[in-house]
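Contents: one structure, followed by commentary.
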Amino acid sequence: MKIKLLVLAALLMQGVAQASISQPNIVVIYTDDLGIGDVSAYNMGKLNTPSIDSIANQGLKFTNGYATAATCTPSRFSLLTGQYPWRKGAEILAGDAPLLISPKQQTLPKVLKKAGYTTAVIGKWHLGLGNGSIDWNEKNTLGPNEVGFDYSYIMAATNDRVPNVYVKNGDVVNLDPKDPLYVSYKKNFAGEPTGLDNPELMTTQTFSNGHYHSVNNGVSRIGYQKGGKSAQWIDEEMSDLFLDEAQRFVSKNKAKPFFLFYTLHQPHVPRIPNQRFVGKSGQGPRGDAILEADWAVGEFLKTLEQQGLTDNTLVIFSSDNGPVLDDGYNDQAVTKLGNHTPWGIYRGGKYSLFDAGSHIPFLVSWPGTIKPGISDKLFSQHDLLASLAALTNQSITASDSQNHIDTLLGKPGSARKGLVIEGIKGRTAYRQGDWMFIPAYWGPETLEKEQVETGACSCYQLYDLSTDPGQRNNLASKYPQKTAAMNKAYTAIIESH
């Protein structure tokens, strides 16, 4: 009898283990403006990111991981919805923009909630809030919680845009009702100082272009705000605050499967790391902010280990788009760069149709399930919806997202064949296999202030990435039939749905 009970107990424990493996915790760690060369696991730059590298060391390093866009709002929209951003007309949003994702829309957190997951987003959001006329002094009922997240602790937009406040489950954190918060992207409030008119207030960092409106914490931002002083964030504390929230969520929800979208703000401008990291990189605030992000990733991974969750947690690390140096502030990103190459071996960067705009670091780990190694297969962030739905045995409605769970887990199987990527102003390009096709676009070839190539040209562009990853040799005229075939395949996707 005792032996039978032991056998039964063993079978039950095996069943529990199998159930947990079929429903791992899922964490997406999403950085902001981090280039593939900024992660030392790729051996392309000069910064050292040991904590981020540890994900690659115990899992998969993708050499062909992509965001769908070279800017933040569009790529975040795609990751959460599985839809190409250009179908929605998604662009970089203002801080008071309405919610971009429809509450009726299929989303990754909604799919995982159906599978029994507790869901959370912590960090940068930048997908809009409210319906276009938001009252920051009342609870907002159109935000992350309405598109599938059980818990949300976010910055309202992005760190260079007002309002400079955190929003927890729809409520502005630490807002004093006696000092209401007002926001405008049209005109300033009477008597409120700006970086342009009151440069003496910019005691933390000064603007190089465009960021000269309301001042908070010694930094001028985009847009105007008035009041809400007790709710205004302190940039140097942001990383620690988001980390603490992420750790708390994990500890609180460790008893059942959870999905955490942990969205770091680094190294987006303004780059103002905690004093602990100032001067540590030798590359100025941008490099220091990346080291701060790496430390936060390490501390978060320690939390998973301390809670006994490492072996049953699928960790996905990536970036919303490629790198940019001068993006609006005088922070020595250009002058202190040295021989570091944030874009790695690729051409372009944030905003660009060239590869560095959306060809980003993409690392995946799940100890005991994913074998350590390198994957050269093409994988796009918007395939996470279909792939994770398959992993958790959930059905989804038709979308641009494709199920490539085998690719994600490093197993044999077919990978994505083609991918449309987006640059600024809704311009798109097409990768198929090792070939990249860029249609003809009229406009500036370089963004003057940011000094980033846009990829625009009045001619067709065709590149063989297998031999020319830096996209220096345009083969469109040499291979007209291939160019025509790529254009046809690209057009078919653009005109579909």
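Residue numbers start at 1 in each chain; chains themselves are named A, B, ... in the order of the structure tokens; ligands are numbered from 1 in the order shown.
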Give one line per residue of region 305-423 of chain A that approaches region 480-491 of chain A to at most 12 Å, naming the two atoms of the closest pair and their distance in Å to one decimal, counting only C-alpha atoms; sort by chain then ascending residue number and deliver it as a tab-separated table.
```
residue	atom	partner	partner_atom	distance
A:Lys417	CA	A:Ala489	CA	11.2
A:Gly418	CA	A:Tyr490	CA	8.8
A:Leu419	CA	A:Tyr490	CA	8.7
A:Val420	CA	A:Tyr490	CA	7.4
A:Ile421	CA	A:Tyr490	CA	10.5
```
Could the residues in this selection be written to a file with C-alpha atoms, as a short mmCIF file (atom, residue, chain, number, x, y, z; two decimals), in the first residue's frame?
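Below you can see again.cif, which holds the result:
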```
data_model
loop_
_atom_site.label_atom_id
_atom_site.label_comp_id
_atom_site.auth_asym_id
_atom_site.auth_seq_id
_atom_site.Cartn_x
_atom_site.Cartn_y
_atom_site.Cartn_z
CA LYS A 417 10.15 33.96 -44.67
CA GLY A 418 9.46 37.65 -45.11
CA LEU A 419 8.94 40.75 -43.00
CA VAL A 420 7.76 44.30 -43.65
CA ILE A 421 9.54 46.90 -41.52
#
```
Quiz item: Pick from A:Asp244, A:Leu47, A:Asp434, A:Met238: nearest to Gly284 (chain A), with only C-alpha atoms counted?
Solution: A:Leu47
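Distance annotation: of A:His265, A:Arg271, A:Lys252, A:His404, the residue with the minimal separation from Val219 (chain A) is A:Arg271; atom set is only C-alpha atoms.
Of the listed residues (A:Thr467, A:Asn339, A:Asn216, A:Ser380), A:Asn339 comes nearest to Gly37 (chain A); the distances count only C-alpha atoms.
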Quiz prompt | Exercise: Lys110 (chain A) partners within 8 Å, only C-alpha atoms, chain neighbours under 6 positions left out, as a VMD selection string | solution = chain A and resid 147 to 149
Self-check item: Best match for closeness to Phe437 (chain A) among A:Ser208, A:Asn474, A:Ser466, A:Thr303, counting only C-alpha atoms
Solution: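 Distance minimum relative to Phe437 (chain A) lands on A:Asn474.
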Quiz item: Which one of A:Pro323, A:Gly443, A:Pro24, A:Gly426 sits closest to Ala115 (chain A) if you count only C-alpha atoms?
Solution: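 Checking each of A:Pro323, A:Gly443, A:Pro24, A:Gly426 against Ala115 (chain A), counting only C-alpha atoms, the winner is A:Pro24.
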Exercise. Using DSSP on the backbone coordinates, identify all residues within region 342-407 of chain A classified as alpha helix (DSSP H); present the result as a list in words.
Key: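 Output for region 342-407 of chain A, alpha helix (DSSP H) only: Leu384, Leu385, Ala386, Ser387, Leu388, Ala389, Ala390, Leu391, Ile405, Asp406 and Thr407 of chain A.
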Exercise. Name the residues of region 116-164 of chain A that come out as strand (DSSP E or B) in a backbone DSSP run; write them as a list of chain:residue names.
Key: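 Selecting the strand (DSSP E or B) positions of region 116-164 of chain A gives A:Thr118, A:Thr119, A:Ala120, A:Val121, A:Ile122, A:Gly123, A:Lys124, A:Tyr151, A:Ser152, A:Tyr153, A:Ile154, A:Met155, A:Arg161.
For region 392-395 of chain A, the non-local neighbours within 12 Å, defined as residues at least 5 positions apart in the same chain or in other chains and counting only C-alpha atoms, are Ala19, Ser20, Ile21, Ser22, Gln23, Pro24, Asn25, Ile26, Gln106, Leu108, Pro109, Lys110, Val111, Leu112, Lys113, Lys114, Ala115, Gly116, Tyr117, Pro257, Phe258, Phe259, Leu384, Leu385, Ala386, Ser387, Asn403 and Ile405 of chain A.
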Per-residue nearest contacts of region 215-240 of chain A to region 150-171 of chain A (7 Å; only C-alpha atoms) as a Markdown table:
```
| residue | atom | partner | partner_atom | distance |
| --- | --- | --- | --- | --- |
| A:Arg221 | CA | A:Asp160 | CA | 5.1 |
| A:Ile222 | CA | A:Arg161 | CA | 4.7 |
| A:Gly223 | CA | A:Val162 | CA | 5.6 |
| A:Tyr224 | CA | A:Val162 | CA | 6.5 |
| A:Gln225 | CA | A:Pro163 | CA | 6.2 |
| A:Ala231 | CA | A:Val165 | CA | 5.7 |
| A:Gln232 | CA | A:Val165 | CA | 5.0 |
| A:Trp233 | CA | A:Val165 | CA | 5.6 |
```
Written file, previous selection with C-alpha atoms, as a short mmCIF file (atom, residue, chain, number, x, y, z; two decimals), in the first residue's frame:
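Output contents, as saved in again.cif:
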```
data_model
loop_
_atom_site.label_atom_id
_atom_site.label_comp_id
_atom_site.auth_asym_id
_atom_site.auth_seq_id
_atom_site.Cartn_x
_atom_site.Cartn_y
_atom_site.Cartn_z
CA ARG A 221 10.57 68.29 -22.17
CA ILE A 222 8.18 68.16 -25.12
CA GLY A 223 4.76 69.62 -24.25
CA TYR A 224 3.39 71.78 -21.47
CA GLN A 225 2.26 70.84 -17.97
CA ALA A 231 3.39 63.55 -8.67
CA GLN A 232 6.33 64.65 -10.84
CA TRP A 233 8.97 61.98 -11.21
#
```
